[in-house]
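Engineer: My structure file query_26.pdb, PDB, C-alpha atoms, is below:
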ATOM      1  CA  MET A  12      66.691 -27.803  97.415
ATOM      2  CA  THR A  13      64.961 -25.657  94.832
ATOM      3  CA  ALA A  14      63.812 -26.622  91.400
ATOM      4  CA  GLU A  15      64.688 -24.309  88.609
ATOM      5  CA  SER A  16      62.214 -23.902  85.812
ATOM      6  CA  VAL A  17      63.712 -24.410  82.420
ATOM      7  CA  GLU A  18      62.102 -22.538  79.610
ATOM      8  CA  HIS A  19      62.240 -24.196  76.218
ATOM      9  CA  ARG A  20      61.691 -21.979  73.252
ATOM     10  CA  VAL A  21      61.321 -23.201  69.736
ATOM     11  CA  GLN A  22      63.018 -20.868  67.313
ATOM     12  CA  TRP A  23      61.330 -21.138  63.945
ATOM     13  CA  PRO A  24      63.461 -20.180  60.976
ATOM     14  CA  VAL A  25      62.547 -16.808  59.491
ATOM     15  CA  PRO A  26      62.298 -17.084  55.706
ATOM     16  CA  PRO A  27      64.358 -14.761  53.529
ATOM     17  CA  GLN A  28      62.460 -12.140  51.554
ATOM     18  CA  ASP A  29      62.462 -14.193  48.340
ATOM     19  CA  GLY A  30      61.921 -17.537  50.081
ATOM     20  CA  TYR A  31      64.216 -20.463  50.694
ATOM     21  CA  THR A  32      66.311 -22.248  48.084
ATOM     22  CA  VAL A  33      67.453 -25.847  47.755
ATOM     23  CA  ASP A  34      70.799 -24.845  49.257
ATOM     24  CA  ASP A  35      68.957 -23.611  52.370
ATOM     25  CA  LEU A  36      67.036 -26.877  52.640
ATOM     26  CA  PHE A  37      70.285 -28.808  52.907
ATOM     27  CA  THR A  38      72.118 -26.378  55.201
ATOM     28  CA  LEU A  39      69.547 -25.065  57.711
ATOM     29  CA  PRO A  40      70.208 -26.722  61.070
ATOM     30  CA  ASP A  41      67.654 -28.775  63.018
ATOM     31  CA  LEU A  42      64.939 -29.044  60.377
ATOM     32  CA  PRO A  43      62.434 -31.813  61.173
ATOM     33  CA  PRO A  44      62.787 -35.041  59.183
ATOM     34  CA  HIS A  45      61.077 -35.099  55.776
ATOM     35  CA  THR A  46      60.932 -31.298  55.431
ATOM     36  CA  GLU A  47      60.100 -30.347  51.843
ATOM     37  CA  LEU A  48      60.670 -27.159  49.844
ATOM     38  CA  ILE A  49      57.678 -26.041  47.801
ATOM     39  CA  ASP A  50      57.764 -22.663  46.033
ATOM     40  CA  GLY A  51      60.504 -21.452  48.353
ATOM     41  CA  SER A  52      58.567 -22.352  51.514
ATOM     42  CA  LEU A  53      59.480 -25.061  53.995
ATOM     43  CA  VAL A  54      56.749 -27.664  54.440
ATOM     44  CA  PHE A  55      56.837 -29.727  57.619
ATOM     45  CA  VAL A  56      55.219 -33.152  57.549
ATOM     46  CA  SER A  57      52.846 -34.179  60.321
ATOM     47  CA  PRO A  58      52.953 -37.680  61.873
ATOM     48  CA  GLN A  59      51.620 -40.225  59.394
ATOM     49  CA  ARG A  60      48.892 -42.818  59.770
ATOM     50  CA  ARG A  61      49.604 -46.546  59.635
ATOM     51  CA  PHE A  62      47.975 -46.773  56.174
ATOM     52  CA  HIS A  63      50.592 -44.379  54.822
ATOM     53  CA  TYR A  64      53.545 -46.452  56.004
ATOM     54  CA  ARG A  65      51.992 -49.771  55.012
ATOM     55  CA  VAL A  66      51.386 -48.581  51.448
ATOM     56  CA  ILE A  67      54.907 -47.155  51.173
ATOM     57  CA  ASP A  68      56.305 -50.516  52.316
ATOM     58  CA  LEU A  69      54.092 -52.440  49.886
ATOM     59  CA  LEU A  70      55.024 -50.276  46.894
ATOM     60  CA  PHE A  71      58.713 -50.164  47.778
ATOM     61  CA  ASP A  72      58.851 -53.963  48.043
ATOM     62  CA  GLY A  73      56.648 -54.521  44.977
ATOM     63  CA  LEU A  74      58.586 -52.124  42.772
ATOM     64  CA  SER A  75      61.914 -53.493  43.979
ATOM     65  CA  SER A  76      60.938 -57.043  43.040
ATOM     66  CA  SER A  77      59.348 -56.001  39.701
ATOM     67  CA  LEU A  78      62.112 -53.802  38.319
ATOM     68  CA  GLY A  79      65.487 -54.764  36.901
ATOM     69  CA  PRO A  80      68.977 -53.594  37.915
ATOM     70  CA  GLU A  81      68.812 -50.512  35.693
ATOM     71  CA  PHE A  82      66.342 -49.037  38.211
ATOM     72  CA  SER A  83      66.660 -48.131  41.880
ATOM     73  CA  VAL A  84      63.606 -47.808  44.126
ATOM     74  CA  GLU A  85      63.940 -45.089  46.763
ATOM     75  CA  ARG A  86      61.725 -44.128  49.666
ATOM     76  CA  GLU A  87      61.356 -40.615  51.044
ATOM     77  CA  MET A  88      64.326 -39.096  49.206
ATOM     78  CA  THR A  89      64.410 -35.433  48.212
ATOM     79  CA  VAL A  90      64.028 -34.721  44.498
ATOM     80  CA  VAL A  91      65.404 -31.379  43.335
ATOM     81  CA  LEU A  92      63.069 -29.930  40.695
ATOM     82  CA  ASP A  93      64.565 -26.432  40.558
ATOM     83  CA  HIS A  94      66.233 -23.987  42.961
ATOM     84  CA  ARG A  95      62.951 -23.311  44.862
ATOM     85  CA  ASN A  96      61.313 -26.759  44.799
ATOM     86  CA  ALA A  97      62.590 -29.950  46.408
ATOM     87  CA  PRO A  98      59.741 -32.255  47.423
ATOM     88  CA  GLU A  99      60.194 -35.688  48.925
ATOM     89  CA  PRO A 100      58.075 -38.309  47.137
ATOM     90  CA  ASP A 101      57.005 -41.199  49.351
ATOM     91  CA  VAL A 102      58.488 -43.603  46.799
ATOM     92  CA  SER A 103      60.432 -42.909  43.633
ATOM     93  CA  VAL A 104      62.026 -44.945  40.892
ATOM     94  CA  VAL A 105      65.300 -43.541  39.608
ATOM     95  CA  ARG A 106      67.878 -44.633  37.088
ATOM     96  CA  SER A 107      70.424 -46.787  38.907
ATOM     97  CA  ASP A 108      73.302 -44.774  37.438
ATOM     98  CA  ALA A 109      72.028 -41.764  39.431
ATOM     99  CA  VAL A 110      72.795 -43.541  42.705
ATOM    100  CA  THR A 111      76.120 -42.315  44.104
ATOM    101  CA  GLY A 112      76.288 -44.081  47.465
ATOM    102  CA  LEU A 113      74.782 -44.550  50.902
ATOM    103  CA  ASP A 114      75.464 -40.953  51.941
ATOM    104  CA  GLN A 115      73.382 -39.560  49.067
ATOM    105  CA  THR A 116      70.618 -37.159  50.190
ATOM    106  CA  LYS A 117      68.902 -36.157  46.943
ATOM    107  CA  PHE A 118      68.189 -36.911  43.323
ATOM    108  CA  HIS A 119      67.514 -34.529  40.448
ATOM    109  CA  ALA A 120      64.289 -34.534  38.435
ATOM    110  CA  GLU A 121      66.043 -35.857  35.321
ATOM    111  CA  ASP A 122      67.035 -38.977  37.281
ATOM    112  CA  VAL A 123      63.454 -39.796  38.344
ATOM    113  CA  LEU A 124      61.251 -42.052  36.203
ATOM    114  CA  LEU A 125      58.336 -42.399  38.649
ATOM    115  CA  ALA A 126      57.232 -40.335  41.648
ATOM    116  CA  VAL A 127      54.642 -41.772  44.054
ATOM    117  CA  GLU A 128      52.717 -39.821  46.678
ATOM    118  CA  VAL A 129      50.485 -41.465  49.290
ATOM    119  CA  VAL A 130      47.820 -38.920  50.214
ATOM    120  CA  SER A 131      47.418 -37.975  53.866
ATOM    121  CA  PRO A 132      44.871 -35.548  55.343
ATOM    122  CA  ASP A 133      47.520 -32.815  55.616
ATOM    123  CA  SER A 134      48.876 -33.361  52.084
ATOM    124  CA  GLU A 135      45.692 -33.698  49.988
ATOM    125  CA  SER A 136      46.069 -30.433  48.072
ATOM    126  CA  ARG A 137      49.820 -30.811  47.574
ATOM    127  CA  ASP A 138      49.540 -34.437  46.378
ATOM    128  CA  ARG A 139      46.527 -33.857  44.117
ATOM    129  CA  THR A 140      47.472 -30.517  42.584
ATOM    130  CA  THR A 141      50.740 -28.834  43.536
ATOM    131  CA  LYS A 142      53.202 -31.717  43.342
ATOM    132  CA  PRO A 143      51.898 -33.325  40.138
ATOM    133  CA  GLN A 144      52.052 -29.952  38.374
ATOM    134  CA  LYS A 145      55.630 -29.457  39.513
ATOM    135  CA  TYR A 146      56.696 -33.040  38.747
ATOM    136  CA  ALA A 147      55.227 -32.722  35.250
ATOM    137  CA  ALA A 148      56.865 -29.334  34.627
ATOM    138  CA  ALA A 149      60.193 -30.880  35.679
ATOM    139  CA  GLY A 150      59.747 -33.691  33.126
ATOM    140  CA  ILE A 151      59.139 -36.676  35.444
ATOM    141  CA  ALA A 152      57.474 -39.151  33.079
ATOM    142  CA  ASN A 153      55.235 -41.035  35.526
ATOM    143  CA  TYR A 154      53.282 -40.090  38.641
ATOM    144  CA  TRP A 155      51.169 -42.270  40.945
ATOM    145  CA  ARG A 156      48.794 -40.790  43.498
ATOM    146  CA  VAL A 157      47.637 -43.276  46.146
ATOM    147  CA  GLU A 158      44.417 -42.715  48.101
ATOM    148  CA  GLU A 159      42.743 -44.824  50.759
ATOM    149  CA  ASP A 160      39.544 -46.516  49.552
ATOM    150  CA  GLY A 161      36.796 -45.361  51.908
ATOM    151  CA  ILE A 162      34.996 -48.715  51.665
ATOM    152  CA  THR A 163      37.718 -51.385  51.727
ATOM    153  CA  GLY A 164      40.455 -49.415  53.472
ATOM    154  CA  GLY A 165      42.871 -50.569  50.778
ATOM    155  CA  PRO A 166      44.852 -48.412  48.378
ATOM    156  CA  VAL A 167      43.539 -46.906  45.151
ATOM    157  CA  ILE A 168      46.324 -45.905  42.778
ATOM    158  CA  HIS A 169      45.742 -43.225  40.156
ATOM    159  CA  VAL A 170      48.327 -43.573  37.382
ATOM    160  CA  TYR A 171      49.449 -40.597  35.320
ATOM    161  CA  GLU A 172      51.784 -40.298  32.334
ATOM    162  CA  LEU A 173      53.436 -37.137  31.094
ATOM    163  CA  ASP A 174      52.129 -35.615  27.879
ATOM    164  CA  SER A 175      55.285 -34.155  26.356
ATOM    165  CA  LEU A 176      53.378 -31.589  24.276
ATOM    166  CA  THR A 177      51.541 -29.991  27.198
ATOM    167  CA  GLN A 178      54.073 -30.879  29.940
ATOM    168  CA  SER A 179      51.138 -32.045  32.065
ATOM    169  CA  TYR A 180      49.939 -35.424  33.267
ATOM    170  CA  VAL A 181      47.233 -37.518  31.627
ATOM    171  CA  HIS A 182      45.281 -39.935  33.843
ATOM    172  CA  THR A 183      45.779 -43.401  32.349
ATOM    173  CA  GLY A 184      44.184 -45.679  34.926
ATOM    174  CA  MET A 185      42.922 -46.387  38.402
ATOM    175  CA  HIS A 186      43.958 -49.589  40.201
ATOM    176  CA  ARG A 187      42.430 -51.123  43.324
ATOM    177  CA  GLU A 188      43.331 -54.788  43.891
ATOM    178  CA  ARG A 189      46.361 -55.028  41.606
ATOM    179  CA  ILE A 190      48.496 -52.566  39.709
ATOM    180  CA  LYS A 191      49.768 -53.932  36.426
ATOM    181  CA  VAL A 192      51.440 -51.370  34.168
ATOM    182  CA  ASP A 193      54.322 -51.241  31.708
ATOM    183  CA  LYS A 194      55.820 -47.839  32.558
ATOM    184  CA  PRO A 195      58.487 -47.054  33.579
ATOM    185  CA  SER A 196      58.890 -50.839  33.069
ATOM    186  CA  SER A 197      56.791 -53.959  33.565
ATOM    187  CA  ILE A 198      55.244 -53.754  37.054
ATOM    188  CA  ASP A 199      52.759 -56.113  38.726
ATOM    189  CA  ILE A 200      51.903 -55.615  42.414
ATOM    190  CA  ASP A 201      49.121 -57.245  44.464
ATOM    191  CA  LEU A 202      47.591 -54.365  46.455
ATOM    192  CA  THR A 203      45.297 -56.529  48.574
ATOM    193  CA  VAL A 204      48.142 -57.588  50.880
ATOM    194  CA  VAL A 205      47.922 -54.220  52.683
ATOM    195  CA  ASN A 206      44.773 -55.471  54.429
ATOM    196  CA  LYS A 207      46.100 -58.997  54.970
ATOM    197  CA  ARG A 208      49.148 -58.171  57.070
ATOM    198  CA  PRO A 209      48.666 -57.899  60.834
TER     199      PRO A 209
END
How does the structure come out when it is put into structure tokens?
Structural biologist:
Amino acid sequence: MTAESVEHRVQWPVPPQDGYTVDDLFTLPDLPPHTELIDGSLVFVSPQRRFHYRVIDLLFDGLSSSLGPEFSVEREMTVVLDHRNAPEPDVSVVRSDAVTGLDQTKFHAEDVLLAVEVVSPDSESRDRTTKPQKYAAAGIANYWRVEEDGITGGPVIHVYELDSLTQSYVHTGMHRERIKVDKPSSIDIDLTVVNKRP
């Protein structure tokens, strides 16, 4: 009996000359989960640390219990900004009338009231610079950037609001143990529970 060697080759998609579009993002076969489209380029997400998932869970649960029925809290859903940009915020708050059903795969920027990104080592530049610029240009009114506190290991949330004159974000606060804000609605979340759960 002989063993045959099987050769596995990964075939990476070759980008078109002018880059990918949103239509490509939703029709290319076998893309890895959570692939994003930034400036016409596909961005693949590396495996995430436990901190990342814990903070997403905390914010998803906290926002869901803080906000009324006119809002829907979504995790890791694509947001179409324009035909060459479709990032996937870690958490987003959208108008509930933008929700079409359980088979929905995306929202549009005009439906999003808050985009939240939890910074990972591979996403630092995108989450600190690229994505907030694009979210602001698309008119998303609120942006939260979440970093890990190097001392406590808990989350630090930087809150930004859109300045409609400049179409850019203004930093309005930094929250460590609790985030209590009134935009997009009244929100109060205890952030210390991230370190209390097993």
Engineer: Would you work out the distance separating atom CA of Arg137 of chain A from atom CA of Arg86 of chain A, expressed in Å to one decimal?
Structural biologist: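 If I compute the distance from atom CA of Arg137 of chain A to atom CA of Arg86 of chain A, I get 18.0 Å.
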Engineer: Could you check how far atom CA of Pro132 of chain A sits from atom CA of His45 of chain A, in Å to one decimal?
Structural biologist: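 Computed distance, atom CA of Pro132 of chain A to atom CA of His45 of chain A, equals 16.2 Å.
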Engineer: Can you list, as a PyMOL selection string, every protein, DNA or RNA residue that comes within 6 Å of segment 155-163 of chain A when you count only C-alpha atoms, leaving out same-chain residues fewer than 2 positions away?
Structural biologist: chain A and resi 127-130+165-170
Engineer: Which of these, A:Val192, A:Leu125, A:Leu74, A:Val66, has the shortest distance to Val204 of chain A once you count all atoms listed in the file?
Structural biologist: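 Result for the nearest residue to Val204 of chain A: A:Val66.
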Engineer: Given all atoms listed in the file as the basis, pick out the residue of A:Leu69, A:Leu53, A:Leu48, A:Val84 nearest to Glu99 of chain A.
Structural biologist: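 Of all the options, A:Leu48 lies closest to Glu99 of chain A.
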Engineer: Evaluating the PyMOL selection byres ((chain A and resi 35) around 10) on the displayed file yields which residues, as a PyMOL selection string?
Structural biologist: chain A and resi 26+30-34+36-40+48+51+53+94-95
Engineer: Which segment 14-79 of chain A residues have any atom within 12 Å of an atom of segment 106-111 of chain A, and for each, what is the nearest pair of atoms with distance in Å to one decimal, counting all atoms listed in the file, rows sorted by chain and number, as a tab-separated table?
Structural biologist:
residue	atom	partner	partner_atom	distance
A:Ser75	CA	A:Ser107	CA	12.0
A:Leu78	CA	A:Ser107	CA	10.9
A:Gly79	CA	A:Ser107	CA	9.6
Engineer: Take the residues that were just selected and, keeping C-alpha atoms, output them as an mmCIF file, in the frame of the given file.
Structural biologist:
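Contents of out-v3.cif, freshly written:
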data_model
loop_
_atom_site.group_PDB
_atom_site.id
_atom_site.type_symbol
_atom_site.label_atom_id
_atom_site.label_comp_id
_atom_site.auth_asym_id
_atom_site.auth_seq_id
_atom_site.Cartn_x
_atom_site.Cartn_y
_atom_site.Cartn_z
ATOM 1 C CA SER A 75 61.914 -53.493 43.979
ATOM 2 C CA LEU A 78 62.112 -53.802 38.319
ATOM 3 C CA GLY A 79 65.487 -54.764 36.901
#
Engineer: Rounded to one decimal place, report the atom CA of Ser77 of chain A-atom CA of Ile190 of chain A distance in Å.
Structural biologist: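 Separation of atom CA of Ser77 of chain A and atom CA of Ile190 of chain A: 11.4 Å.
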Engineer: Given the point (60.9, -29.1, 43.6) in the coordinates of this file, which residues lie within 8 Å, counting only C-alpha atoms, and how would they look as number ranges by chain?
Structural biologist: A: 48-50, 90-98, 145-146
Engineer: Pick out the closest residue to Phe62 of chain A from this set: A:Ser136, A:Ser131, A:Thr177, A:Ser83. Count all atoms listed in the file.
Structural biologist: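 Of the candidates, the smallest distance to Phe62 of chain A is held by A:Ser131.
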Engineer: Could you name the residues that touch Asn153 of chain A at 8 Å or less, counting only C-alpha atoms, but leaving out those on the same chain fewer than 3 positions away, as a JSON list (two decimals) with C-alpha atoms, in the coordinates of the input?
Structural biologist:
[["chain", "number", "residue", "atom", "x", "y", "z"],
["A", 124, "LEU", "CA", 61.25, -42.05, 36.20],
["A", 125, "LEU", "CA", 58.34, -42.40, 38.65],
["A", 126, "ALA", "CA", 57.23, -40.34, 41.65],
["A", 170, "VAL", "CA", 48.33, -43.57, 37.38],
["A", 171, "TYR", "CA", 49.45, -40.60, 35.32],
["A", 172, "GLU", "CA", 51.78, -40.30, 32.33],
["A", 173, "LEU", "CA", 53.44, -37.14, 31.09],
["A", 194, "LYS", "CA", 55.82, -47.84, 32.56],
["A", 195, "PRO", "CA", 58.49, -47.05, 33.58]]
Engineer: From the options A:Asp174, A:Asp68, A:Asp41, A:Asp29, which residue's atoms come nearest to Ile200 of chain A, counting all atoms listed in the file?
Structural biologist: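 Nearest to Ile200 of chain A: A:Asp68.
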Engineer: Could you check the closest approach to Thr116 of chain A for each of A:Ser134, A:Tyr64, A:Thr89, A:Thr141 and tell me which residue wins, using only C-alpha atoms?
Structural biologist: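 Among the listed residues, A:Thr89 lies closest to Thr116 of chain A.
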Engineer: For Glu188 of chain A, work out the shell of residues within 7 Å, counting only C-alpha atoms and skipping chain neighbours fewer than 6 positions away, then give it as a list in words.
Structural biologist: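 Contacts, with the query itself left out: Asp201, Leu202 and Thr203 of chain A.
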Engineer: Could I get segment 73-84 of chain A rebuilt with all heavy atoms, written as a PDB file, in the coordinates of the input?
Structural biologist:
ATOM      1  N   GLY A  73      57.183 -54.073  46.261  1.00  0.00           N
ATOM      2  CA  GLY A  73      56.648 -54.521  44.977  1.00  0.00           C
ATOM      3  C   GLY A  73      57.436 -53.983  43.794  1.00  0.00           C
ATOM      4  O   GLY A  73      57.722 -54.706  42.838  1.00  0.00           O
ATOM      5  N   LEU A  74      57.790 -52.711  43.851  1.00  0.00           N
ATOM      6  CA  LEU A  74      58.586 -52.124  42.772  1.00  0.00           C
ATOM      7  C   LEU A  74      59.987 -52.731  42.740  1.00  0.00           C
ATOM      8  O   LEU A  74      60.526 -53.018  41.673  1.00  0.00           O
ATOM      9  CB  LEU A  74      58.658 -50.605  42.937  1.00  0.00           C
ATOM     10  CG  LEU A  74      57.372 -49.845  42.616  1.00  0.00           C
ATOM     11  CD1 LEU A  74      57.434 -48.418  43.142  1.00  0.00           C
ATOM     12  CD2 LEU A  74      57.097 -49.855  41.109  1.00  0.00           C
ATOM     13  N   SER A  75      60.564 -52.922  43.915  1.00  0.00           N
ATOM     14  CA  SER A  75      61.914 -53.493  43.979  1.00  0.00           C
ATOM     15  C   SER A  75      61.969 -54.885  43.363  1.00  0.00           C
ATOM     16  O   SER A  75      62.928 -55.233  42.674  1.00  0.00           O
ATOM     17  CB  SER A  75      62.408 -53.551  45.425  1.00  0.00           C
ATOM     18  OG  SER A  75      62.550 -52.256  45.962  1.00  0.00           O
ATOM     19  N   SER A  76      60.927 -55.685  43.588  1.00  0.00           N
ATOM     20  CA  SER A  76      60.938 -57.043  43.040  1.00  0.00           C
ATOM     21  C   SER A  76      60.488 -57.074  41.572  1.00  0.00           C
ATOM     22  O   SER A  76      60.794 -58.031  40.868  1.00  0.00           O
ATOM     23  CB  SER A  76      60.084 -57.981  43.883  1.00  0.00           C
ATOM     24  OG  SER A  76      58.764 -57.523  43.971  1.00  0.00           O
ATOM     25  N   SER A  77      59.805 -56.040  41.092  1.00  0.00           N
ATOM     26  CA  SER A  77      59.348 -56.001  39.701  1.00  0.00           C
ATOM     27  C   SER A  77      60.399 -55.463  38.743  1.00  0.00           C
ATOM     28  O   SER A  77      60.446 -55.861  37.580  1.00  0.00           O
ATOM     29  CB  SER A  77      58.101 -55.116  39.563  1.00  0.00           C
ATOM     30  OG  SER A  77      56.972 -55.693  40.147  1.00  0.00           O
ATOM     31  N   LEU A  78      61.225 -54.542  39.214  1.00  0.00           N
ATOM     32  CA  LEU A  78      62.112 -53.802  38.319  1.00  0.00           C
ATOM     33  C   LEU A  78      63.513 -54.410  38.262  1.00  0.00           C
ATOM     34  O   LEU A  78      64.002 -54.976  39.226  1.00  0.00           O
ATOM     35  CB  LEU A  78      62.193 -52.338  38.766  1.00  0.00           C
ATOM     36  CG  LEU A  78      60.862 -51.583  38.712  1.00  0.00           C
ATOM     37  CD1 LEU A  78      61.003 -50.211  39.339  1.00  0.00           C
ATOM     38  CD2 LEU A  78      60.357 -51.477  37.286  1.00  0.00           C
ATOM     39  N   GLY A  79      64.151 -54.222  37.126  1.00  0.00           N
ATOM     40  CA  GLY A  79      65.487 -54.764  36.901  1.00  0.00           C
ATOM     41  C   GLY A  79      66.583 -53.888  37.488  1.00  0.00           C
ATOM     42  O   GLY A  79      66.320 -52.828  38.080  1.00  0.00           O
ATOM     43  N   PRO A  80      67.848 -54.288  37.301  1.00  0.00           N
ATOM     44  CA  PRO A  80      68.977 -53.594  37.915  1.00  0.00           C
ATOM     45  C   PRO A  80      69.241 -52.197  37.357  1.00  0.00           C
ATOM     46  O   PRO A  80      69.992 -51.429  37.947  1.00  0.00           O
ATOM     47  CB  PRO A  80      70.161 -54.529  37.626  1.00  0.00           C
ATOM     48  CG  PRO A  80      69.745 -55.337  36.455  1.00  0.00           C
ATOM     49  CD  PRO A  80      68.253 -55.469  36.542  1.00  0.00           C
ATOM     50  N   GLU A  81      68.628 -51.855  36.232  1.00  0.00           N
ATOM     51  CA  GLU A  81      68.812 -50.512  35.693  1.00  0.00           C
ATOM     52  C   GLU A  81      67.999 -49.456  36.443  1.00  0.00           C
ATOM     53  O   GLU A  81      68.108 -48.261  36.188  1.00  0.00           O
ATOM     54  CB  GLU A  81      68.488 -50.468  34.188  1.00  0.00           C
ATOM     55  CG  GLU A  81      67.035 -50.710  33.836  1.00  0.00           C
ATOM     56  CD  GLU A  81      66.665 -52.189  33.646  1.00  0.00           C
ATOM     57  OE1 GLU A  81      67.297 -53.077  34.247  1.00  0.00           O
ATOM     58  OE2 GLU A  81      65.701 -52.437  32.901  1.00  0.00           O
ATOM     59  N   PHE A  82      67.165 -49.928  37.393  1.00  0.00           N
ATOM     60  CA  PHE A  82      66.342 -49.037  38.211  1.00  0.00           C
ATOM     61  C   PHE A  82      66.726 -49.161  39.682  1.00  0.00           C
ATOM     62  O   PHE A  82      67.167 -50.213  40.126  1.00  0.00           O
ATOM     63  CB  PHE A  82      64.860 -49.399  38.083  1.00  0.00           C
ATOM     64  CG  PHE A  82      64.339 -49.383  36.671  1.00  0.00           C
ATOM     65  CD1 PHE A  82      64.220 -50.555  35.952  1.00  0.00           C
ATOM     66  CD2 PHE A  82      63.974 -48.194  36.078  1.00  0.00           C
ATOM     67  CE1 PHE A  82      63.739 -50.550  34.652  1.00  0.00           C
ATOM     68  CE2 PHE A  82      63.488 -48.174  34.776  1.00  0.00           C
ATOM     69  CZ  PHE A  82      63.368 -49.347  34.057  1.00  0.00           C
ATOM     70  N   SER A  83      66.508 -48.093  40.423  1.00  0.00           N
ATOM     71  CA  SER A  83      66.660 -48.131  41.880  1.00  0.00           C
ATOM     72  C   SER A  83      65.381 -47.559  42.496  1.00  0.00           C
ATOM     73  O   SER A  83      64.919 -46.493  42.076  1.00  0.00           O
ATOM     74  CB  SER A  83      67.870 -47.305  42.318  1.00  0.00           C
ATOM     75  OG  SER A  83      68.004 -47.347  43.723  1.00  0.00           O
ATOM     76  N   VAL A  84      64.818 -48.269  43.441  1.00  0.00           N
ATOM     77  CA  VAL A  84      63.606 -47.808  44.126  1.00  0.00           C
ATOM     78  C   VAL A  84      64.042 -47.114  45.413  1.00  0.00           C
ATOM     79  O   VAL A  84      64.813 -47.666  46.197  1.00  0.00           O
ATOM     80  CB  VAL A  84      62.652 -48.983  44.428  1.00  0.00           C
ATOM     81  CG1 VAL A  84      61.383 -48.476  45.099  1.00  0.00           C
ATOM     82  CG2 VAL A  84      62.327 -49.746  43.143  1.00  0.00           C
TER      83      VAL A  84
END
